[in-house]
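Take a look at the structure below.
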Amino acid sequence: MSKIEQDLTELVAANIIDQQTANIIGAYYAQKKEQAPNKMLIAFAVIGATLIGAGIILIVAANWDNLSRIAKTVLAFLPMLIGQALCGYTLLKKTDNLIWRESTAAFLFFAVAACIAMVSQIYNIEGNQWHFLMTWLALSAPLFYIMRSGVVAVFYLLGLLFLMANYQNDPALWGFWLASLPYYFWKHQHNPNSHFKLVMDWLIPITLIGLLLHTASENMELTFLGATSLFNLYYLLGTFGKIQFHPRANALKIIGITGLVFILFGSSFFAFWNEAVFETRSLYNQAKTLDYVIYIGLTLGAALALFVKIKDNWQGIALLDILFVLMIPIYFIAKSLPFVAVIICNILLFYLGIYYLKKGFDNNRLAHVNFGLLVIAFLIISRFLDINVSFVVRGMIFVLVGIGFFVVNYVILKKQKS
Amino acid sequence: MNKKIILLICFGFLILIQIYVPAKMIMDSEKIISEGKVFNFICRPVDPNDIFRGKYITLRFQEDEIEVADDFQISRGTKVYIVPEVGPNGYAKIKTFSLSPPLEEPYYLEAESTYIKRTTSPKRLKIKYPFTRYYMNESKAKPAEKLLGNRMEDDDLPKPYAKISVGKGEARITNVMIDDKALEDWIEEQD
């Protein structure tokens, strides 16, 4: 007997609901369970297919010398042909079966890589890793559309991140990123709570950050302003309320807040402005037209999002919503009077901490209270790292901040209980 | 039903492309070997820490410098087109080089510039060939490295050389030889 059935029997026995209601509730849960795919099974099937695929690559890498070239070539194609046959069978007979779709697609994804890698070895084709990964991704992009496979889409985006982390700028990367978007929006509409969609919620904006950093030259002034606009855009989109995100894992909002708070903390240090932002001595770091285009584009995007949000609910606008606007005058002030900019940023951070503390207290939200506390605590600690005070004083400050955390959390918990 | 047919057609195309790409790699490779001309490039010692990389051995070649004018400038990684010829000793040497493909030549290969040696007069441009890896069995690559190393250090013995098939722009390594015997055969005899 399942837990729900036990509860229903208990409720009927206690005369809280009648047997008919209990039957209806029981039937509802039974049907819901049938519709939901078995998550464990999907996980095991995908992990199994991935392991087999990766295992084949490793076996292949051993490069058997005793086989003839023809035999090796046949072996190189074999896993891919098997993967294609399995995917074809899935499309024909099991097209609605999630487990079949995900696991066969994952297998084919790795088998394609194994085939290309083996052929390169057998024929001594000196391709570089960049070329290999680009070919692999290009051959896999249609796979997640045709097989409707979330796991391949996730692997694809991870591959893209790897390419960005390891290689020089290449406009083709934009094409690869754009190619994943229609699938993501399709998933967002049809299957918003699937696990792979939730992972893509994170990967899509993170790969975009990587792409922008890749495309822009290393001019720190524009990177700084552009990053503020981008994170602000993420934050605004994440808090719209119009786009429905998973309530407990609103990736856009979390990435946005994290980025914005990091930027504010950076700007609260004197050295940040002098040594990082205004470090444009080398010719290499000169801003190019493209940098301005990116910055203006991001800022216009954030401004549009802000405009919509103000129209929607202007009273709900808070500091984090407009930070990218505030950063523009702060940036110009910092150019001539960095000390003033640093003071403004410190005040903004302190305000941010207090704002979240108050919001949390008012709404009994422990997460907000702790976020506010964290901001204030880091602010205090950073300032004590800045100035020369004795270790005893520093230690005492740390202890006080820690005690503060305990006390506030205790008060909130007590308030929540009452 | 219609949707399913469209999906299957798309999948059919994907299968064809997935097979075509590696098949094309093989066909291109075979074409270079069948239509190209074989040149024997003498190997040069490699930093011992660099030669053995698991499944392949790294090769460097004696003939990897070109005389350039004193005012010649080039950035690292620029494509350099090399026209090889058979030298008096029977091994490959560089006939000419250019910065654009010498389309009128029957055989040439695409290499990369590395740096300009400024200590010599005239100055010499160092290039990197696109065939530096020779894949071998895991168990054979290690003894092969030793054998090659010994041979390259001893000046009295004939040097190992690589057979390179050169086509129009591309080149493939087909064999590494010592005394006109394939490296693999040497290793097998040792066992």
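Chain identifiers are assigned as A, B, and so on, following the order in which chains appear in the structure tokens; residues are numbered from 1 within each chain, and ligands are numbered from 1 in order of appearance.
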*Using only C-alpha atoms, find the residues of chain A whose closest atom to chain B is at most 10 Å away, then write them as an MDAnalysis selection string.*
chainID A and resid 61:66 73 76:77 80:81 83:85 87:88 91:92 95 112 115:127 135:136 138:143 145:147
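The neighbours of Leu161 (chain A) here are the residues that come within 12 Å of it, using only C-alpha atoms and leaving out any residue fewer than 5 positions away in the same chain; they are A:Leu133, A:Met134, A:Leu137, A:Val154, A:Phe155, A:Tyr156, A:Asn166, A:Tyr167, A:Leu173, A:Trp174, A:Phe176, A:Trp177, A:Leu203, A:Ile204, A:Pro205, A:Ile206, A:Thr207, A:Leu208, A:Ile209, A:Gly210, A:Leu211, A:Leu213, A:His214.
The environment of Phe44 (chain A) within 12 Å, counting only C-alpha atoms and disregarding residues fewer than 6 places along the same chain, consists of Asn38, Thr50, Leu51, Ile52, Ile99, Trp100, Glu102 and Ser103 of chain A.
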Restricting the output to N, CA, C and O atoms, write the selected residues as a compact mmCIF listing (two decimals), in the first residue's frame.
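Result went into result_29.txt, see below:
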# COMPACT_ATOMS: atom_id res chain seq x y z
N ASN A 38 9.39 7.25 -15.43
CA ASN A 38 10.23 6.84 -14.31
C ASN A 38 11.59 7.52 -14.41
O ASN A 38 12.40 7.22 -15.28
N THR A 50 25.69 6.51 -22.16
CA THR A 50 26.86 7.39 -22.16
C THR A 50 28.12 6.60 -21.84
O THR A 50 29.16 6.76 -22.50
N LEU A 51 28.03 5.71 -20.84
CA LEU A 51 29.20 4.91 -20.45
C LEU A 51 29.63 4.01 -21.59
O LEU A 51 30.81 3.90 -21.90
N ILE A 52 28.64 3.35 -22.23
CA ILE A 52 28.99 2.46 -23.35
C ILE A 52 29.64 3.28 -24.45
O ILE A 52 30.68 2.91 -24.99
N ILE A 99 12.66 7.12 -22.58
CA ILE A 99 13.88 6.39 -22.25
C ILE A 99 14.60 5.95 -23.52
O ILE A 99 15.82 6.12 -23.66
N TRP A 100 13.85 5.40 -24.47
CA TRP A 100 14.46 4.99 -25.73
C TRP A 100 15.06 6.18 -26.46
O TRP A 100 16.17 6.11 -26.98
N GLU A 102 16.10 9.17 -25.36
CA GLU A 102 17.27 9.78 -24.73
C GLU A 102 18.49 8.86 -24.81
O GLU A 102 19.59 9.31 -25.09
N SER A 103 18.29 7.56 -24.52
CA SER A 103 19.47 6.70 -24.45
C SER A 103 20.04 6.40 -25.83
O SER A 103 21.26 6.39 -26.00
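Atom to atom, CA of Phe384 (chain A) and CA of Leu260 (chain A) stand 22.0 Å apart.
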*Using only C-alpha atoms, which residues sit within 8 Å of region 89-94 of chain B once same-chain residues fewer than 6 positions away are excluded, as a PyMOL selection string?*
chain B and resi 39-42+63+66+82-83
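One finds CA of Leu319 (chain A) at 22.7 Å from CA of Leu337 (chain A).
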_I need the residue nearest Ile57 (chain B) from this list: B:Ile33, B:Ile116, B:Val166, B:Leu148. Use only C-alpha atoms for the distance._
B:Leu148
*asked:* With distances taken over only C-alpha atoms, which residue among A:Ile263, A:Leu320, A:Ala377, A:Ala71 lies nearest Phe350 (chain A)?
replied: A:Ala377
_Contacts of Phe72 (chain B) at 12 Å (only C-alpha atoms; same-chain gap of 5+ positions) as number ranges by chain_ = B: 66-67, 99, 115-118, 122-125
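For region 354-358 of chain A, the set of protein, DNA and RNA residues having any atom at most 12 Å away, when counting only C-alpha atoms and skipping those fewer than 5 positions along the same chain, is A:Ala318, A:Leu319, A:Leu320, A:Ile347, A:Leu348, A:Leu349, A:Asn363, A:Asn364, A:Arg365, A:Leu366, A:Ala367, A:His368, A:Val369, A:Asn370, A:Phe371, A:Gly372, A:Leu373, A:Leu374, A:Val375, A:Ile376, A:Ala377, A:Leu379, A:Phe405, A:Val408, A:Asn409, A:Ile412.
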*Long-range neighbours of Arg148 (chain A) as a PyMOL selection string, 9 Å cut-off, only C-alpha atoms, 3 positions minimum in chain*: chain A and resi 98+101-102+105+143-145+152-153+183+187
